[in-house]
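Peer 1: There's a structure below that I have some questions on.
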Amino acid sequence: MTGSVSRGSRRKPESGSSHPIRRSRRVACGVCFPQLPDEQFAAQFREALQRWYLQHHRRLPWRATQDPYAILVSEIMLQQTQAATVVPYFRRFLDRFPDLESLAQAPLEEVIGLWQGLGYYKRALALHQAARILVRDHAGEFPREPMVLQRLPGIGRYTAHAVLSQAFDLSLPIIEANSARVYARMFTCAQPLTSSAVQRWLWQVAERLVAPRQPGLFNQAIMELGATICLPRQPRCDACPVAQFCHAWRYQRVTDFPVRGPARTVVQVAEVAIVIRNQDRWLVLQRAPDADRWPSLWEFPHAETFLQESAPQAVQRIAQQLTALQVTPSQPLGHVRFSVTRFRIAMTVWHAWAQKKEITLTSLHHAGRWLKRHQLRCLAWSTPQRRVLAMLDKS
Ligand code: SF4
């Protein structure tokens with residue numbers, strides 16, 4: 001982060017002052033949402049926010065361009081991922097694929113290879129498909145209509161608005177995790193952000209607030225505020241440039257917002273992964289391109305174990321189910337633990353021998369290969385499977 005944030009102390013506003021927050025009074029309605037901000041509130045809020053942003057924002061590479069392609073790449077990479085993590089991936093990706101045409105022409109394996117380590121590989125597939133459609137159906141130009149852009153794979157309302165507001169100065173609002181949190185606190189929204197009624201209300205708030213001029217800058221500013229000041233835990237209200245507009249701060253209820261929904265149930269899963277060897281080669285499988293998780297990535301055969309099934313029994317059953325191979329389990333290599341959404345997965349890795357090489361795949365996998373050790377490293381792996389590969393390297 002190159003821009004610093006002022007930590008000057010901020011006084012709580014006097015009660016009864018002619019404060020802008022007074023113009024955003026709450027009204028009772030069917031579901032008790034705060035009243036939408038009026039134009040005067042919006043103008044004052046924008047000015048305070050944008051002034052702060054111009055002085056303090058982080059210099060991130062996608063903020064120095066109005067190229068819609070580069071902005072789209074950054075937006076897809078930033079989904080579920082911190083900006084600091086994205087920066088080197090974004091640079092490498094743009095070096096290799098500087099425009100829509102180069103990405104559209106690239107083989108998917110190469111795109112996934114550059115994405116390796118960022119996670120959520122479906123994003124890479126969607127971006128690759130979107131580039132191909134834009135080149136094929138739109139002559140490599142970005143449509144200016146958000147609804148047209150939203151029809152492309154991997155592009156929702158937020159991404160379409162973020163790209164069009166930054167690249168073409170279209171006054172379109174955005175709502176994502178950071179802006180949603182800021183608005184929930186500013187207007188003390190009494191319902192969880194996951195509710196669809198709250199989502200609709202948030203988009204209405206954003207529509208009222210987005211700047212008619214330089215909307216991209218406003219959208220970047222509200223996200224930057226959420227990412228660097230209005231943090232999920234311990235927001236830095238003393239340094240907040242818009243504290244005077246914030247109900248939660250005014251009533252000292254910052255920790256009460258956003259309101260939490262019911263906790264998601266965590267599911268524990270036990271799996272076995274099998275490193276199957278035949279002479280000097282190991283069996284690896286490529287996941288189907290439409291797989292829910294890790295599409296088109298390579299992996300060792302693995303699956304959930306049954307209750308009351310021993311690990312060697314699971315090794316034999318899983319190898320048979322996924323590849324039709326008869327294997328002989330030899331020894332455990334170790335454990336890999338990881339989380340996917342609400343699933344906590346404990347995977348035991350086993351070594352096993354196969355006498356034959358003929359395999360039959362299920363619909364889960366697209367291809368299977370017997371490879372030597374040095375060849376394994378050239379494939380695109382998911383993060384948990386790369387840990388299995390590291391285990392094999394050490395064995
Ligand atoms: S005052 Fe605090 S809670 Fe309110 S918007 Fe600023 S950082 Fe967030």
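By convention here, the chains of the structure tokens are called A, B, ... in the order presented, each chain's residues are numbered starting at 1, and ligands are numbered starting at 1 in the order presented.
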Based on the backbone DSSP call, show me all residues of segment 150-194 of chain A assigned alpha helix (DSSP H), as a PyMOL selection string.
Peer 2: chain A and resi 157-168+177-186
Peer 1: Grab me every residue within 8 Å of ligand 1, counting only C-alpha atoms and all ligand atoms, and send it over as a ChimeraX atom specification.
Peer 2: /A:181-183,185-186,225-226,229-231,235-250,254
Peer 1: Neighbouring residues of segment 221-223 of chain A were defined as those with any atom within 7 Å, considering only C-alpha atoms; residues of the same chain fewer than 3 positions away were excluded. Please report them as a ChimeraX atom specification.
Peer 2: /A:49-50,53,178-179,217-218,226-227
Peer 1: Counting only C-alpha atoms, which residues of segment 262-321 of chain A fall within 7 Å of segment 344-365 of chain A, and what is the closest atom pair for each with its distance in Å at one decimal, ordered by chain and rising number, as JSON lines?
Peer 2:
```
{"residue": "A:Val267", "atom": "CA", "partner": "A:Arg344", "partner_atom": "CA", "distance": 6.1}
{"residue": "A:Gln268", "atom": "CA", "partner": "A:Arg344", "partner_atom": "CA", "distance": 4.9}
{"residue": "A:Val269", "atom": "CA", "partner": "A:Ile345", "partner_atom": "CA", "distance": 4.7}
{"residue": "A:Ala270", "atom": "CA", "partner": "A:Ala346", "partner_atom": "CA", "distance": 5.0}
{"residue": "A:Glu271", "atom": "CA", "partner": "A:Met347", "partner_atom": "CA", "distance": 4.5}
{"residue": "A:Val272", "atom": "CA", "partner": "A:Thr348", "partner_atom": "CA", "distance": 4.8}
{"residue": "A:Ala273", "atom": "CA", "partner": "A:Val349", "partner_atom": "CA", "distance": 4.8}
{"residue": "A:Ile274", "atom": "CA", "partner": "A:Trp350", "partner_atom": "CA", "distance": 4.9}
{"residue": "A:Val275", "atom": "CA", "partner": "A:His351", "partner_atom": "CA", "distance": 4.8}
{"residue": "A:Ile276", "atom": "CA", "partner": "A:Ala352", "partner_atom": "CA", "distance": 4.9}
{"residue": "A:Arg277", "atom": "CA", "partner": "A:Trp353", "partner_atom": "CA", "distance": 5.0}
{"residue": "A:Asn278", "atom": "CA", "partner": "A:Ala354", "partner_atom": "CA", "distance": 5.3}
{"residue": "A:Leu285", "atom": "CA", "partner": "A:His365", "partner_atom": "CA", "distance": 6.4}
{"residue": "A:Gln286", "atom": "CA", "partner": "A:His365", "partner_atom": "CA", "distance": 5.5}
{"residue": "A:Arg287", "atom": "CA", "partner": "A:His365", "partner_atom": "CA", "distance": 4.3}
{"residue": "A:Ala288", "atom": "CA", "partner": "A:His365", "partner_atom": "CA", "distance": 4.7}
{"residue": "A:Ala291", "atom": "CA", "partner": "A:Leu364", "partner_atom": "CA", "distance": 6.9}
```
Peer 1: I need the residues from that last selection saved to file as a compact mmCIF listing (two decimals), in the first residue's frame (with C-alpha atoms), if you can.
Peer 2:
```txt
# COMPACT_ATOMS: atom_id res chain seq x y z
CA VAL A 267 -19.38 -30.24 7.16
CA GLN A 268 -16.39 -32.49 7.93
CA VAL A 269 -15.36 -34.76 5.06
CA ALA A 270 -12.80 -37.59 5.05
CA GLU A 271 -11.17 -38.40 1.71
CA VAL A 272 -8.46 -40.69 0.37
CA ALA A 273 -6.16 -39.65 -2.49
CA ILE A 274 -4.17 -42.37 -4.25
CA VAL A 275 -0.77 -42.00 -5.84
CA ILE A 276 -0.93 -45.01 -8.19
CA ARG A 277 2.33 -46.28 -9.68
CA ASN A 278 3.05 -48.64 -12.54
CA LEU A 285 -6.51 -37.58 -14.11
CA GLN A 286 -7.78 -34.34 -15.61
CA ARG A 287 -11.07 -33.07 -14.22
CA ALA A 288 -13.90 -32.45 -16.64
CA ALA A 291 -16.68 -29.87 -13.06
```
Peer 1: Name all residues at most 8 Å from segment 155-162 of chain A (count only C-alpha atoms; drop same-chain ones fewer than 5 positions away) and give them as a list in words.
Peer 2: Leu72, Glu75, Ile76, Pro146, Met147, Leu149, Gln150, Leu172, Pro173, Ile174, Ile175, Glu176, Gly216 and Asn219 of chain A
Peer 1: With N, CA and C atoms kept, could you save the residues just selected as a CSV table (one decimal), in the first residue's frame?
Peer 2:
```csv
chain,number,residue,atom,x,y,z
A,72,LEU,N,-11.4,-5.8,-16.8
A,72,LEU,CA,-12.2,-7.0,-16.7
A,72,LEU,C,-11.3,-8.1,-16.1
A,75,GLU,N,-11.0,-7.4,-12.4
A,75,GLU,CA,-12.2,-7.7,-11.7
A,75,GLU,C,-12.4,-9.2,-11.5
A,76,ILE,N,-12.1,-9.9,-12.5
A,76,ILE,CA,-12.4,-11.4,-12.3
A,76,ILE,C,-11.3,-11.9,-11.3
A,146,PRO,N,-24.8,-2.7,-20.1
A,146,PRO,CA,-24.5,-3.7,-19.1
A,146,PRO,C,-25.2,-5.0,-19.2
A,147,MET,N,-26.5,-5.0,-19.7
A,147,MET,CA,-27.2,-6.3,-19.8
A,147,MET,C,-26.5,-7.2,-20.9
A,149,LEU,N,-23.2,-7.2,-21.6
A,149,LEU,CA,-22.0,-7.7,-21.0
A,149,LEU,C,-22.3,-8.8,-19.9
A,150,GLN,N,-23.4,-8.6,-19.2
A,150,GLN,CA,-23.8,-9.6,-18.2
A,150,GLN,C,-24.2,-11.0,-18.8
A,172,LEU,N,-22.9,3.9,-13.4
A,172,LEU,CA,-23.5,2.7,-13.0
A,172,LEU,C,-23.1,2.3,-11.6
A,173,PRO,N,-24.0,1.9,-10.7
A,173,PRO,CA,-23.6,1.6,-9.3
A,173,PRO,C,-23.0,0.3,-9.2
A,174,ILE,N,-22.3,0.1,-8.1
A,174,ILE,CA,-21.7,-1.3,-7.8
A,174,ILE,C,-22.0,-1.6,-6.4
A,175,ILE,N,-22.2,-2.9,-6.2
A,175,ILE,CA,-22.3,-3.5,-4.8
A,175,ILE,C,-21.5,-4.7,-4.8
A,176,GLU,N,-20.5,-4.8,-3.9
A,176,GLU,CA,-19.8,-6.0,-3.6
A,176,GLU,C,-19.5,-6.0,-2.1
A,216,GLY,N,-16.5,5.8,-12.2
A,216,GLY,CA,-15.5,4.7,-11.9
A,216,GLY,C,-14.7,5.1,-10.7
A,219,ASN,N,-16.8,4.5,-7.6
A,219,ASN,CA,-16.9,3.1,-7.3
A,219,ASN,C,-15.6,2.5,-6.7
```
Peer 1: Between A:Val327, A:Gln220, A:Trp294, A:Val148, which is the closest to His56 of chain A once you count only C-alpha atoms?
Peer 2: A:Gln220
Peer 1: Between atom CA of His128 of chain A and atom CA of Ala104 of chain A, what is the distance, to one decimal in Å?
Peer 2: 6.2 Å
Peer 1: Could you tell me how far atom CA of Leu100 of chain A sits from atom CA of Ala131 of chain A, in Å to one decimal place?
Peer 2: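 Atom CA of Leu100 of chain A lies 5.5 Å from atom CA of Ala131 of chain A.
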Peer 1: Which of these residues is nearest to Glu39 of chain A, using only C-alpha atoms: A:Ala390, A:Leu325, A:Arg96, A:Ala211?
Peer 2: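 Using only C-alpha atoms, Glu39 of chain A sits closest to A:Ala211.
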Peer 1: Would you work out the distance separating atom CA of Leu371 of chain A from atom CA of Asp280 of chain A, expressed in Å to one decimal?
Peer 2: 8.1 Å
Peer 1: Segment 128-283 of chain A: which residues are strand (DSSP E or B) by DSSP, as a ChimeraX atom specification?
Peer 2: /A:267-278,281-283
Peer 1: Applying 10 Å and only C-alpha atoms, which residues near Lys122 of chain A remain after dropping the ones on its own chain fewer than 6 positions away? List them as a ChimeraX atom specification.
Peer 2: /A:112,128,153-154,289-296
Peer 1: Could you save the residues just selected, with C-alpha atoms, as a PDB file, in the first residue's frame?
Peer 2:
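Here's the written file part_35.pdb:
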```
ATOM      1  CA  ILE A 112      -5.016 -22.123 -16.350  1.00  0.00           C
ATOM      2  CA  HIS A 128     -11.264 -17.325 -21.464  1.00  0.00           C
ATOM      3  CA  PRO A 153     -19.690 -16.187 -18.741  1.00  0.00           C
ATOM      4  CA  GLY A 154     -18.473 -15.120 -15.308  1.00  0.00           C
ATOM      5  CA  PRO A 289     -14.124 -28.855 -17.988  1.00  0.00           C
ATOM      6  CA  ASP A 290     -17.629 -28.483 -16.501  1.00  0.00           C
ATOM      7  CA  ALA A 291     -16.678 -29.871 -13.064  1.00  0.00           C
ATOM      8  CA  ASP A 292     -18.023 -27.895 -10.102  1.00  0.00           C
ATOM      9  CA  ARG A 293     -14.599 -27.672  -8.517  1.00  0.00           C
ATOM     10  CA  TRP A 294     -11.234 -27.255 -10.220  1.00  0.00           C
ATOM     11  CA  PRO A 295     -12.452 -27.715 -13.814  1.00  0.00           C
ATOM     12  CA  SER A 296      -9.763 -28.955 -16.246  1.00  0.00           C
TER      13      SER A 296
END
```
Peer 1: With distances taken over only C-alpha atoms, which of A:Thr228, A:Val205, A:Phe300, A:Phe187 is nearest to Val259 of chain A?
Peer 2: A:Phe187
